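Source file structure-v3.cif; content: mmCIF, C-alpha atoms and all ligand atoms.
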data_target
#
loop_
_atom_site.label_atom_id
_atom_site.label_comp_id
_atom_site.auth_asym_id
_atom_site.auth_seq_id
_atom_site.Cartn_x
_atom_site.Cartn_y
_atom_site.Cartn_z
CA MET A 433 4.70 -9.28 -3.59
CA GLN A 434 3.17 -11.54 -6.19
CA ASP A 435 -0.46 -10.78 -7.14
CA ILE A 436 -2.78 -13.76 -7.35
CA GLY A 437 -6.22 -13.40 -8.97
CA ILE A 438 -9.10 -14.80 -6.91
CA GLY A 439 -12.61 -15.85 -7.92
CA VAL A 440 -15.18 -16.50 -5.18
CA VAL A 441 -18.23 -18.57 -6.06
CA SER A 442 -21.29 -17.79 -3.89
CA LEU A 443 -21.31 -14.72 -1.71
CA GLY A 444 -23.25 -15.98 1.31
CA TRP A 445 -21.75 -16.36 4.79
CA MET A 446 -18.73 -18.37 3.78
CA GLY A 447 -18.13 -16.57 0.47
CA ARG A 448 -17.95 -13.26 2.33
CA LEU A 449 -15.58 -14.72 4.89
CA HIS A 450 -13.29 -16.25 2.26
CA SER A 451 -13.19 -12.83 0.56
CA THR A 452 -12.14 -10.92 3.68
CA SER A 453 -9.68 -13.69 4.58
CA TYR A 454 -7.83 -13.24 1.29
CA GLN A 455 -7.72 -9.50 1.91
CA ARG A 456 -5.92 -9.97 5.24
CA ILE A 457 -3.09 -12.13 3.84
CA PRO A 458 -0.48 -9.43 3.07
CA SER A 459 -0.73 -8.00 6.60
CA ARG A 460 -0.95 -11.28 8.54
CA PHE A 461 1.30 -13.51 6.42
CA PRO A 462 3.74 -11.05 4.75
CA GLU A 463 6.45 -13.71 4.29
CA LEU A 464 4.22 -15.54 1.79
CA GLY A 465 4.91 -12.68 -0.60
CA VAL A 466 1.40 -12.99 -2.01
CA ARG A 467 -1.20 -10.28 -2.52
CA PRO A 468 -4.61 -11.79 -3.43
CA ARG A 469 -6.66 -9.65 -5.81
CA LEU A 470 -10.44 -10.14 -5.69
CA VAL A 471 -11.15 -10.43 -9.42
CA VAL A 472 -14.66 -11.78 -9.65
CA ALA A 473 -17.49 -13.09 -7.46
CA ALA A 474 -20.31 -15.27 -8.77
CA ASP A 475 -23.74 -15.38 -7.16
CA PRO A 476 -27.18 -15.51 -8.83
CA LEU A 477 -28.62 -12.93 -6.38
CA ASP A 478 -28.38 -9.29 -7.51
CA ALA A 479 -27.96 -8.12 -3.91
CA ASN A 480 -24.93 -10.37 -3.43
CA GLN A 481 -23.39 -9.24 -6.72
CA GLN A 482 -23.80 -5.65 -5.57
CA ALA A 483 -22.25 -6.49 -2.19
CA ALA A 484 -19.32 -8.14 -3.96
CA THR A 485 -18.26 -5.00 -5.79
CA GLU A 486 -19.41 -2.33 -3.32
CA GLN A 487 -18.59 -3.90 0.07
CA PHE A 488 -15.88 -6.44 -0.69
CA GLY A 489 -14.00 -4.72 -3.50
CA PHE A 490 -14.25 -7.33 -6.29
CA ASP A 491 -13.46 -5.94 -9.75
CA LYS A 492 -16.72 -7.42 -11.00
CA ALA A 493 -19.60 -9.73 -10.10
CA VAL A 494 -21.34 -12.27 -12.30
CA ALA A 495 -24.13 -14.83 -11.98
CA SER A 496 -22.37 -18.08 -12.88
CA ILE A 497 -19.22 -19.99 -12.02
CA ASP A 498 -18.60 -20.49 -15.76
CA GLU A 499 -17.71 -16.82 -16.12
CA VAL A 500 -15.31 -17.14 -13.18
CA LEU A 501 -13.51 -20.15 -14.61
CA ALA A 502 -13.30 -18.60 -18.08
CA ASP A 503 -11.56 -15.51 -16.71
CA PRO A 504 -7.81 -15.74 -17.37
CA ASP A 505 -7.10 -13.40 -14.44
CA VAL A 506 -8.53 -15.95 -12.00
CA GLU A 507 -5.75 -18.15 -10.64
CA ALA A 508 -7.54 -19.67 -7.63
CA VAL A 509 -11.18 -20.21 -6.75
CA SER A 510 -13.22 -20.39 -3.56
CA ILE A 511 -16.30 -22.62 -3.71
CA CYS A 512 -18.71 -21.49 -0.99
CA SER A 513 -22.00 -22.70 -2.46
CA PRO A 514 -24.72 -24.88 -0.97
CA ASN A 515 -23.47 -28.47 -0.77
CA PHE A 516 -25.32 -29.84 -3.81
CA LEU A 517 -23.33 -27.55 -6.12
CA HIS A 518 -19.91 -28.49 -4.74
CA ARG A 519 -19.21 -31.54 -6.89
CA ASP A 520 -20.02 -29.95 -10.26
CA PHE A 521 -18.28 -26.69 -9.37
CA ALA A 522 -15.14 -28.35 -8.01
CA VAL A 523 -14.81 -30.76 -10.93
CA LYS A 524 -15.23 -27.84 -13.35
CA ALA A 525 -12.60 -25.83 -11.46
CA ALA A 526 -10.15 -28.74 -11.54
CA GLN A 527 -10.75 -29.28 -15.25
CA ALA A 528 -10.11 -25.59 -15.85
CA GLY A 529 -6.78 -26.03 -14.01
CA LYS A 530 -7.78 -23.73 -11.14
CA PRO A 531 -6.76 -24.61 -7.57
CA PHE A 532 -9.81 -24.46 -5.30
CA TRP A 533 -10.66 -23.88 -1.64
CA ILE A 534 -13.98 -25.60 -1.03
CA GLU A 535 -16.28 -25.52 1.95
CA LYS A 536 -17.18 -28.61 3.92
CA PRO A 537 -18.83 -31.05 3.53
CA MET A 538 -16.91 -31.51 0.30
CA GLY A 539 -19.69 -33.38 -1.57
CA VAL A 540 -23.19 -34.45 -0.54
CA SER A 541 -21.91 -38.03 -0.36
CA ALA A 542 -18.63 -39.91 -0.10
CA ARG A 543 -18.96 -40.74 -3.80
CA GLN A 544 -19.19 -37.08 -4.75
CA SER A 545 -16.31 -36.27 -2.43
CA ARG A 546 -14.21 -38.95 -4.13
CA GLU A 547 -15.07 -37.45 -7.55
CA ILE A 548 -13.88 -34.05 -6.34
CA HIS A 549 -10.71 -35.53 -4.87
CA ASP A 550 -9.96 -37.52 -8.02
CA ALA A 551 -10.61 -34.57 -10.36
CA ALA A 552 -8.19 -32.39 -8.37
CA ALA A 553 -5.57 -35.15 -8.31
CA ALA A 554 -5.90 -35.75 -12.07
CA ALA A 555 -5.52 -32.02 -12.77
CA GLY A 556 -2.70 -31.64 -10.24
CA VAL A 557 -4.28 -28.57 -8.65
CA ALA A 558 -3.87 -27.57 -5.01
CA THR A 559 -6.97 -27.86 -2.83
CA ALA A 560 -8.14 -26.69 0.57
CA VAL A 561 -11.23 -27.74 2.54
CA GLY A 562 -12.94 -25.61 5.20
CA PHE A 563 -11.96 -27.52 8.33
CA ASN A 564 -11.23 -24.25 10.12
CA TYR A 565 -11.23 -25.52 13.72
CA ARG A 566 -7.90 -27.24 13.05
CA HIS A 567 -6.24 -23.85 12.89
CA ALA A 568 -7.08 -22.68 16.42
CA PRO A 569 -3.70 -22.22 18.16
CA ALA A 570 -4.98 -24.24 21.14
CA VAL A 571 -5.92 -27.14 18.82
CA GLN A 572 -2.50 -26.92 17.20
CA HIS A 573 -0.98 -27.22 20.66
CA LEU A 574 -3.16 -30.20 21.58
CA ARG A 575 -1.91 -31.93 18.44
CA GLU A 576 1.68 -31.27 19.53
CA LEU A 577 0.96 -32.65 23.01
CA VAL A 578 -0.17 -35.88 21.31
CA SER A 579 2.61 -36.15 18.73
CA SER A 580 5.35 -35.37 21.28
CA GLY A 581 4.02 -38.15 23.50
CA ARG A 582 3.38 -35.88 26.49
CA LEU A 583 -0.08 -37.37 27.00
CA GLY A 584 1.32 -40.91 26.63
CA ARG A 585 -0.65 -43.34 24.51
CA ILE A 586 -4.04 -41.88 23.58
CA THR A 587 -6.68 -44.24 24.93
CA ASN A 588 -9.91 -42.40 24.20
CA VAL A 589 -11.31 -39.18 22.83
CA ARG A 590 -14.58 -37.32 23.28
CA CYS A 591 -15.72 -34.88 20.63
CA TRP A 592 -18.99 -33.03 20.44
CA LEU A 593 -20.37 -30.38 18.14
CA ASN A 594 -23.63 -29.16 19.56
CA ALA A 595 -25.33 -26.07 18.17
CA ASP A 596 -28.76 -24.50 18.44
CA TYR A 597 -28.97 -22.85 15.04
CA ALA A 598 -31.94 -25.09 14.18
CA SER A 599 -33.51 -25.35 17.64
CA SER A 600 -36.56 -23.23 16.79
CA PRO A 601 -39.26 -25.15 14.88
CA GLU A 602 -40.00 -21.81 13.18
CA GLY A 603 -36.52 -21.74 11.58
CA ALA A 604 -36.71 -21.75 7.77
CA LEU A 605 -36.62 -24.98 5.76
CA THR A 606 -33.52 -23.99 3.76
CA TRP A 607 -31.39 -26.20 1.50
CA ARG A 608 -29.66 -27.49 4.65
CA TYR A 609 -32.66 -29.71 5.53
CA ASP A 610 -33.02 -31.23 2.03
CA ARG A 611 -31.25 -34.56 1.51
CA GLU A 612 -30.55 -33.90 -2.19
CA LYS A 613 -29.21 -30.41 -1.59
CA ALA A 614 -27.31 -30.90 1.68
CA GLY A 615 -26.74 -34.65 1.87
CA SER A 616 -26.90 -35.73 5.50
CA GLY A 617 -28.00 -33.16 8.08
CA VAL A 618 -25.90 -32.38 11.13
CA ILE A 619 -23.61 -35.29 10.22
CA GLY A 620 -22.16 -33.59 7.14
CA ASP A 621 -22.66 -30.12 8.53
CA LEU A 622 -20.97 -30.42 11.93
CA LEU A 623 -19.84 -33.99 12.60
CA SER A 624 -17.56 -33.72 9.54
CA HIS A 625 -15.57 -31.08 11.50
CA GLY A 626 -15.44 -33.53 14.42
CA ALA A 627 -14.22 -36.43 12.28
CA ASP A 628 -11.48 -34.18 10.93
CA LEU A 629 -10.52 -32.85 14.38
CA VAL A 630 -10.28 -36.33 15.92
CA GLU A 631 -8.13 -37.65 13.09
CA TYR A 632 -5.99 -34.51 12.83
CA VAL A 633 -5.23 -34.18 16.54
CA THR A 634 -4.69 -37.86 17.31
CA GLY A 635 -2.96 -38.67 14.01
CA GLN A 636 -5.11 -41.80 13.87
CA ARG A 637 -7.69 -42.74 11.25
CA ILE A 638 -11.23 -43.58 12.32
CA GLU A 639 -11.64 -47.17 11.14
CA GLU A 640 -15.05 -48.29 12.32
CA VAL A 641 -18.18 -46.61 13.68
CA THR A 642 -21.55 -47.41 15.17
CA ALA A 643 -24.14 -44.68 15.42
CA THR A 644 -27.70 -43.64 16.01
CA SER A 645 -29.42 -40.50 14.74
CA ASP A 646 -32.80 -38.78 14.81
CA VAL A 647 -34.85 -35.90 13.46
CA PHE A 648 -36.44 -34.02 16.38
CA ILE A 649 -38.18 -31.27 14.37
CA PRO A 650 -39.82 -33.10 11.45
CA GLU A 651 -41.16 -30.06 9.58
CA ARG A 652 -40.35 -26.40 9.18
CA PRO A 653 -41.81 -23.33 7.41
CA ILE A 654 -40.83 -22.85 3.77
CA PRO A 655 -38.67 -19.71 3.24
CA THR A 656 -39.98 -16.79 1.23
CA SER A 657 -36.69 -14.88 1.03
CA ALA A 658 -32.95 -15.52 0.87
CA GLY A 659 -30.58 -14.83 3.76
CA VAL A 660 -26.95 -15.19 4.68
CA GLY A 661 -25.95 -18.31 6.60
CA HIS A 662 -28.69 -19.16 9.09
CA GLY A 663 -30.00 -15.63 9.47
CA GLY A 664 -32.26 -13.04 7.86
CA ILE A 665 -34.54 -15.57 6.14
CA GLU A 666 -38.28 -14.84 6.01
CA VAL A 667 -40.83 -17.67 6.08
CA GLY A 668 -44.46 -18.18 5.05
CA SER A 669 -47.21 -20.29 6.66
CA GLU A 670 -46.63 -23.34 4.43
CA ARG A 671 -44.46 -26.08 5.95
CA GLY A 672 -42.39 -28.91 4.48
CA PRO A 673 -40.58 -32.02 5.77
CA VAL A 674 -37.06 -32.03 7.24
CA GLN A 675 -35.22 -34.78 5.36
CA ASN A 676 -31.96 -35.16 7.28
CA GLU A 677 -30.61 -35.64 10.80
CA ASP A 678 -30.97 -33.12 13.64
CA TRP A 679 -28.86 -35.21 16.04
CA VAL A 680 -26.33 -38.03 15.91
CA ALA A 681 -24.21 -39.96 18.38
CA ALA A 682 -21.42 -42.31 17.34
CA LEU A 683 -18.80 -44.58 18.81
CA ALA A 684 -15.60 -44.97 16.81
CA SER A 685 -12.52 -47.20 16.80
CA LEU A 686 -9.25 -45.54 15.79
CA ALA A 687 -6.39 -47.17 13.92
CA ASP A 688 -3.94 -47.42 16.84
CA GLY A 689 -6.52 -48.81 19.22
CA ALA A 690 -7.96 -45.63 20.72
CA HIS A 691 -11.72 -45.19 21.09
CA ALA A 692 -13.79 -42.09 20.38
CA THR A 693 -17.27 -40.84 21.07
CA LEU A 694 -18.70 -38.20 18.78
CA GLU A 695 -22.01 -36.40 19.22
CA SER A 696 -23.56 -33.63 17.21
CA SER A 697 -26.79 -31.69 17.31
CA ARG A 698 -28.16 -28.66 15.49
CA VAL A 699 -31.15 -28.38 17.85
CA ALA A 700 -29.37 -28.29 21.25
CA HIS A 701 -31.05 -25.37 23.05
CA GLY A 702 -28.46 -23.14 24.65
CA HIS A 703 -25.42 -24.70 22.99
CA ARG A 704 -24.75 -21.84 20.62
CA SER A 705 -21.67 -23.29 18.85
CA ASP A 706 -20.35 -25.72 21.43
CA TYR A 707 -17.60 -27.65 19.64
CA ALA A 708 -15.21 -29.50 21.90
CA LEU A 709 -12.49 -32.11 21.97
CA GLU A 710 -11.21 -34.05 24.99
CA LEU A 711 -8.17 -36.31 24.83
CA PHE A 712 -7.29 -38.94 27.40
CA GLY A 713 -3.87 -40.58 27.40
CA THR A 714 -1.87 -42.87 29.68
CA GLU A 715 0.11 -39.88 31.00
CA GLY A 716 -2.33 -37.03 30.88
CA SER A 717 -5.43 -35.40 29.45
CA ALA A 718 -6.19 -32.25 27.51
CA ARG A 719 -9.32 -30.50 26.34
CA TRP A 720 -10.45 -27.58 24.21
CA SER A 721 -13.77 -25.98 23.40
CA PHE A 722 -14.58 -23.49 20.64
CA THR A 723 -16.78 -21.59 23.11
CA ARG A 724 -13.49 -20.67 24.83
CA MET A 725 -11.40 -20.89 21.69
CA ASN A 726 -8.38 -19.08 23.11
CA GLU A 727 -7.62 -21.42 25.96
CA PHE A 728 -7.11 -25.11 26.63
CA GLU A 729 -6.92 -27.26 29.71
CA VAL A 730 -4.23 -29.79 30.37
CA MET A 731 -3.55 -32.30 33.14
CA LEU A 732 -0.17 -34.05 33.09
CA GLU A 733 0.40 -37.06 35.34
CA ASP A 734 3.97 -35.93 36.18
CA ARG A 735 2.68 -33.04 38.32
CA GLY A 736 2.97 -35.19 41.45
CA THR A 737 0.40 -34.25 44.05
CA GLU A 738 -0.77 -31.14 42.15
CA HIS A 739 -3.43 -33.04 40.32
CA GLY A 740 -6.17 -31.42 38.26
CA TYR A 741 -6.53 -29.52 35.02
CA THR A 742 -4.54 -26.33 34.44
CA THR A 743 -6.11 -23.70 32.20
CA VAL A 744 -3.64 -22.24 29.70
CA LEU A 745 -4.44 -19.08 27.74
CA ALA A 746 -3.31 -19.22 24.12
CA GLY A 747 -0.29 -17.07 23.40
CA PRO A 748 2.51 -16.38 20.92
CA GLY A 749 4.00 -19.87 21.43
CA HIS A 750 0.91 -21.61 20.09
CA GLY A 751 0.19 -22.17 16.40
CA ASP A 752 -0.26 -18.97 14.37
CA TYR A 753 -1.35 -16.90 17.38
CA ALA A 754 1.52 -14.39 17.13
CA ARG A 755 0.37 -13.32 13.66
CA PHE A 756 -2.80 -11.94 15.16
CA GLN A 757 -1.89 -10.73 18.65
CA PRO A 758 1.49 -9.68 20.09
CA GLY A 759 0.82 -10.76 23.68
CA PRO A 760 -0.84 -13.74 25.37
CA GLY A 761 -4.46 -14.01 26.40
CA ILE A 762 -5.93 -11.65 23.80
CA PRO A 763 -8.80 -13.49 22.10
CA MET A 764 -8.56 -14.48 18.46
CA SER A 765 -11.75 -14.91 16.41
CA PHE A 766 -13.41 -17.41 14.10
CA ASP A 767 -12.49 -15.15 11.16
CA ASP A 768 -8.80 -15.45 12.10
CA LEU A 769 -9.02 -19.24 11.65
CA LYS A 770 -10.27 -18.67 8.12
CA THR A 771 -7.40 -16.27 7.43
CA ILE A 772 -4.96 -19.01 8.43
CA GLU A 773 -6.77 -21.40 6.07
CA ALA A 774 -6.49 -18.89 3.23
CA ALA A 775 -2.76 -18.50 3.91
CA GLU A 776 -2.18 -22.25 3.86
CA PHE A 777 -4.13 -22.58 0.60
CA LEU A 778 -2.12 -19.79 -1.05
CA SER A 779 1.17 -21.18 0.24
CA ASP A 780 0.29 -24.58 -1.21
CA ILE A 781 -0.41 -22.95 -4.60
CA VAL A 782 2.54 -20.59 -4.73
CA HIS A 783 5.22 -22.43 -2.74
CA GLY A 784 4.15 -26.04 -3.30
CA THR A 785 3.76 -26.71 0.44
CA ARG A 786 1.05 -29.07 1.74
CA LEU A 787 -0.30 -27.13 4.70
CA ALA A 788 -4.04 -26.76 4.20
CA PRO A 789 -6.58 -29.43 5.02
CA ASN A 790 -7.03 -30.71 1.47
CA ALA A 791 -9.33 -32.82 -0.71
CA ALA A 792 -7.90 -36.03 0.76
CA ASP A 793 -8.94 -34.78 4.20
CA GLY A 794 -12.35 -33.79 2.82
CA LEU A 795 -12.76 -37.29 1.43
CA ALA A 796 -11.59 -38.90 4.69
CA ALA A 797 -14.21 -36.99 6.68
CA ALA A 798 -16.88 -37.79 4.09
CA GLU A 799 -16.12 -41.51 4.39
CA VAL A 800 -16.50 -41.31 8.18
CA CYS A 801 -19.79 -39.39 7.86
CA GLU A 802 -21.18 -41.87 5.36
CA ALA A 803 -20.24 -44.83 7.57
CA VAL A 804 -22.09 -43.04 10.41
CA VAL A 805 -25.18 -42.66 8.20
CA ARG A 806 -24.95 -46.35 7.19
CA SER A 807 -24.59 -47.48 10.78
CA ALA A 808 -27.58 -45.44 11.94
CA ALA A 809 -29.62 -47.31 9.31
CA SER A 810 -28.14 -50.80 9.80
CA ARG A 811 -27.80 -50.45 13.61
CA ALA A 812 -24.46 -52.27 13.28
CA TRP A 813 -20.74 -51.38 13.31
CA GLU A 814 -19.67 -50.15 9.86
CA ARG A 815 -16.11 -49.98 8.53
CA VAL A 816 -14.85 -46.71 7.10
CA PRO A 817 -13.45 -47.44 3.63
CA ARG A 818 -10.12 -45.84 2.74
N1 LIG B 1 -16.39 -24.04 7.60
C1 LIG B 1 -17.42 -23.68 8.32
O1 LIG B 1 -17.35 -23.58 9.55
C2 LIG B 1 -18.73 -23.41 7.62
C3 LIG B 1 -19.69 -22.58 8.23
C4 LIG B 1 -20.87 -22.33 7.51
C5 LIG B 1 -21.09 -22.89 6.27
N2 LIG B 1 -20.15 -23.72 5.74
C6 LIG B 1 -20.36 -24.35 4.41
O2 LIG B 1 -20.28 -23.31 3.43
C7 LIG B 1 -21.17 -23.58 2.34
C8 LIG B 1 -22.09 -22.39 2.16
O3 LIG B 1 -22.78 -22.15 3.35
P1 LIG B 1 -23.24 -20.66 3.74
O4 LIG B 1 -23.65 -20.70 5.18
O5 LIG B 1 -22.25 -19.68 3.29
O6 LIG B 1 -24.55 -20.58 2.84
P2 LIG B 1 -25.42 -19.31 2.46
O7 LIG B 1 -26.81 -19.81 2.32
O8 LIG B 1 -25.13 -18.16 3.36
O9 LIG B 1 -24.85 -18.90 1.03
C9 LIG B 1 -25.01 -19.69 -0.10
C10 LIG B 1 -24.88 -18.78 -1.30
O10 LIG B 1 -24.89 -19.56 -2.49
C11 LIG B 1 -25.50 -18.79 -3.50
N3 LIG B 1 -25.87 -19.64 -4.62
C12 LIG B 1 -27.00 -20.39 -4.79
N4 LIG B 1 -26.99 -20.97 -6.00
C13 LIG B 1 -25.83 -20.60 -6.62
C14 LIG B 1 -25.24 -20.87 -7.89
N5 LIG B 1 -25.86 -21.64 -8.78
N6 LIG B 1 -24.06 -20.32 -8.18
C15 LIG B 1 -23.41 -19.54 -7.30
N7 LIG B 1 -23.91 -19.25 -6.07
C16 LIG B 1 -25.11 -19.78 -5.74
C17 LIG B 1 -26.66 -18.15 -2.78
O11 LIG B 1 -27.18 -17.04 -3.49
C18 LIG B 1 -26.00 -17.75 -1.46
O12 LIG B 1 -25.46 -16.45 -1.54
C19 LIG B 1 -21.89 -24.89 2.71
O13 LIG B 1 -21.26 -25.96 2.11
C20 LIG B 1 -21.73 -24.96 4.22
O14 LIG B 1 -21.76 -26.29 4.72
C21 LIG B 1 -18.96 -23.96 6.37
#
For the file at hand, write its structure as structure tokens.
Ligand SMILES: NC(=O)c1ccc[n+]([C@@H]2O[C@H](COP(=O)([O-])OP(=O)(O)OC[C@H]3O[C@@H](n4cnc5c(N)ncnc54)[C@H](O)[C@@H]3O)[C@@H](O)[C@H]2O)c1
Amino acid sequence: MQDIGIGVVSLGWMGRLHSTSYQRIPSRFPELGVRPRLVVAADPLDANQQAATEQFGFDKAVASIDEVLADPDVEAVSICSPNFLHRDFAVKAAQAGKPFWIEKPMGVSARQSREIHDAAAAAGVATAVGFNYRHAPAVQHLRELVSSGRLGRITNVRCWLNADYASSPEGALTWRYDREKAGSGVIGDLLSHGADLVEYVTGQRIEEVTATSDVFIPERPIPTSAGVGHGGIEVGSERGPVQNEDWVAALASLADGAHATLESSRVAHGHRSDYALELFGTEGSARWSFTRMNEFEVMLEDRGTEHGYTTVLAGPGHGDYARFQPGPGIPMSFDDLKTIEAAEFLSDIVHGTRLAPNAADGLAAAEVCEAVVRSAASRAWERVPR
């Protein structure tokens, strides 16, 4: 086993999950021959520094990314900060020659995402971007159904990412609702996953989009404490404006002539984390939803008179399932998807593979998201630059 020194920047929701994902690599992906060592975590909050050493087993915790990048024991970095810090942190990591695994959206704009992509390319460092839904074994299988031609020619795709994490008007006005700190709202936050899923599963680029968006909850209470992810944040009585989108709907044209509809909301009451993809082809259809992550439905035209969708439970024959469960139908979790992402990132660093969704994929999704934002403003079709 080869040790690899890890630095994690920001120990919020994603930083904690990256940390535990690295820790699971030797048991879940033993053939990689890699044992990540949690060297240092950086977070300005004392409580998170304490959690880093006491709960997650980092050798030490510091306040700034600079101390992480200066540490010679750090060979790879996770960047799990609020969006507005991504560009500076990723460019610094690339310039320090450190491969990085960065959360989505990669930058707050397509321009920032391009700067991150270009810095990594210039430095020749491996990258990974947090498009975790790709790694669900059922999604992997849907991709194979498309690439093997079993669904025929893909004619159209429906993708939606509806959540209710922001559905209460009393939810705190965190960095996520600030255009400078987050960039776009639900477009960068959730639709970026959708853009990646559509392109990854169909193998077709999104070339053109037309979209409309809205803010349904225009102001929210200002937070008076920090939290982790969307939870545990206290608020005062003062309120401030929401600066980015709560909801978006888009039509898209794909490179080989397929069409797609994409919709995303962060204020959809009752849709806890309802992320779904439906594929329609000339010889069949298939669909998957994160709410039932461990199954997919398929309908193949060659079934004669037995028409209708068949529900298939994920099992050892699908994607990386067998690394997590020995028999079929035993649910995997969101955290497992992140472990797969960590493994792909480490394999790309150590073995020179190109498995993980990388900075080029982060840039591709950012270009789609920005074209969506432009179209919502211009009310016209907008091309996605490549
Ligand atoms: N892939 C996914 O499914 C997924 C899910 C959630 C969040 N995300 C992304 O992960 C990123 C982080 O989101 P989160 O939910 O973990 O946020 P969070 O609010 O839970 O954590 C952010 C952390 O950043 C820290 N921080 C603030 N300023 C810092 C600085 N200067 N240096 C270092 N750390 C600093 C904060 O103290 C906090 O601990 C975002 O880009 C978000 O879009 C991705």
Separation of atom CA of Gly556 of chain A from atom CA of Leu622 of chain A, in Å and rounded to one decimal: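 Going from atom CA of Gly556 of chain A over to atom CA of Leu622 of chain A, I get 28.8 Å.
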Of the candidates A:Asp435, A:Asp596, A:Asp520, A:Glu773, which one gets nearest to Arg704 of chain A if we count all atoms listed in the file? A:Asp596
Let me see if you get this right: every residue at most 6 Å from ligand LIG 1 (chain B), counting only C-alpha atoms and all ligand atoms, written as a PyMOL selection string. chain A and resi 441-447+474-477+496+512-515+535-537+562-564+621+660-661
Neighbourhood query: residues within 10 Å of (-13.5, -36.9, -6.4), file coordinates, counting all atoms listed in the file; return as an mmCIF file with C-alpha atoms, keeping the file's coordinate frame.
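Result file follows (out05.cif):
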data_model
loop_
_atom_site.group_PDB
_atom_site.id
_atom_site.type_symbol
_atom_site.label_atom_id
_atom_site.label_comp_id
_atom_site.auth_asym_id
_atom_site.auth_seq_id
_atom_site.Cartn_x
_atom_site.Cartn_y
_atom_site.Cartn_z
ATOM 1 C CA ARG A 519 -19.210 -31.540 -6.890
ATOM 2 C CA ALA A 522 -15.140 -28.350 -8.010
ATOM 3 C CA VAL A 523 -14.810 -30.760 -10.930
ATOM 4 C CA MET A 538 -16.910 -31.510 0.300
ATOM 5 C CA GLY A 539 -19.690 -33.380 -1.570
ATOM 6 C CA ALA A 542 -18.630 -39.910 -0.100
ATOM 7 C CA ARG A 543 -18.960 -40.740 -3.800
ATOM 8 C CA GLN A 544 -19.190 -37.080 -4.750
ATOM 9 C CA SER A 545 -16.310 -36.270 -2.430
ATOM 10 C CA ARG A 546 -14.210 -38.950 -4.130
ATOM 11 C CA GLU A 547 -15.070 -37.450 -7.550
ATOM 12 C CA ILE A 548 -13.880 -34.050 -6.340
ATOM 13 C CA HIS A 549 -10.710 -35.530 -4.870
ATOM 14 C CA ASP A 550 -9.960 -37.520 -8.020
ATOM 15 C CA ALA A 551 -10.610 -34.570 -10.360
ATOM 16 C CA ALA A 552 -8.190 -32.390 -8.370
ATOM 17 C CA ALA A 553 -5.570 -35.150 -8.310
ATOM 18 C CA ALA A 554 -5.900 -35.750 -12.070
ATOM 19 C CA ALA A 791 -9.330 -32.820 -0.710
ATOM 20 C CA ALA A 792 -7.900 -36.030 0.760
ATOM 21 C CA GLY A 794 -12.350 -33.790 2.820
ATOM 22 C CA LEU A 795 -12.760 -37.290 1.430
#
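Between atom CA of Glu486 of chain A and atom CA of Leu470 of chain A the separation is 12.1 Å.
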Excluding Pro748 of chain A and its own-chain neighbours fewer than 3 positions away, which residues fall within 8 Å of it when counting only C-alpha atoms? Please give them as a VMD selection string. chain A and resid 751 to 754 757 to 760
Nearest to Tyr565 of chain A: which of A:Tyr632, A:Phe490, A:Tyr454, A:Phe728 is it, counting only C-alpha atoms?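 Answer, going by the shortest atom-to-atom distance: A:Tyr632.
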Measuring between all atoms listed in the file, which one of A:Thr606, A:Ala479, A:Ala508, A:Asn594 shows the shortest distance to Asp706 of chain A?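 Going through A:Thr606, A:Ala479, A:Ala508, A:Asn594 one by one, the smallest distance to Asp706 of chain A is for A:Asn594.
Nearest to Ala788 of chain A of all the residues A:Ala560, A:Leu501, A:Val680, A:Ala692 is A:Ala560, based on all atoms listed in the file.
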List the neighbours of Ser580 of chain A out to 12 Å using all atoms listed in the file; skip same-chain residues closer than 5 positions along the sequence, and give me the result as a list in words.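 That gives His573, Leu574, Arg575, Arg585, Ile586, Val633, Thr634, Gly635 and Glu715 of chain A.
Of the listed residues A:Gly702, A:Thr559, A:Arg755, A:Thr693, the one whose atoms come nearest to Gly626 of chain A is A:Thr693, with distances taken using only C-alpha atoms.
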At a cut-off of 12 Å around the point (-21.0, -49.4, 17.7) (file coordinates), what residues fall inside when counting all atoms listed in the file? I'd like the answer as a list in words. Glu639, Glu640, Val641, Thr642, Ala643, Thr644, Ala681, Ala682, Leu683, Ala684, Ser685, His691, Ala692, Thr693, Leu694, Ala803, Val804, Arg806, Ser807, Ala808, Ser810, Arg811, Ala812, Trp813, Glu814 and Arg815 of chain A
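Take atom CA of Val730 of chain A and atom CA of Val571 of chain A: the distance between them is 12.0 Å.
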Show which residues sit within 10 Å of Ser657 of chain A, as a list in words. Count all atoms listed in the file, and ignore same-chain residues fewer than 3 positions away.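 Returned residues: Ala604, Ile654, Gly664, Ile665, Glu666, Val667 and Gly668 of chain A.
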What's around segment 609-615 of chain A at 8 Å? Count all atoms listed in the file, leave out sequence neighbours fewer than 6 positions away in its own chain, and write the answer as a short mmCIF file (atom, residue, chain, number, x, y, z; two decimals) with C-alpha atoms, in the coordinates of the input.
data_model
loop_
_atom_site.label_atom_id
_atom_site.label_comp_id
_atom_site.auth_asym_id
_atom_site.auth_seq_id
_atom_site.Cartn_x
_atom_site.Cartn_y
_atom_site.Cartn_z
CA PRO A 514 -24.72 -24.88 -0.97
CA ASN A 515 -23.47 -28.47 -0.77
CA PHE A 516 -25.32 -29.84 -3.81
CA LEU A 517 -23.33 -27.55 -6.12
CA GLY A 539 -19.69 -33.38 -1.57
CA VAL A 540 -23.19 -34.45 -0.54
CA SER A 541 -21.91 -38.03 -0.36
CA VAL A 674 -37.06 -32.03 7.24
CA GLN A 675 -35.22 -34.78 5.36
CA ASN A 676 -31.96 -35.16 7.28
#
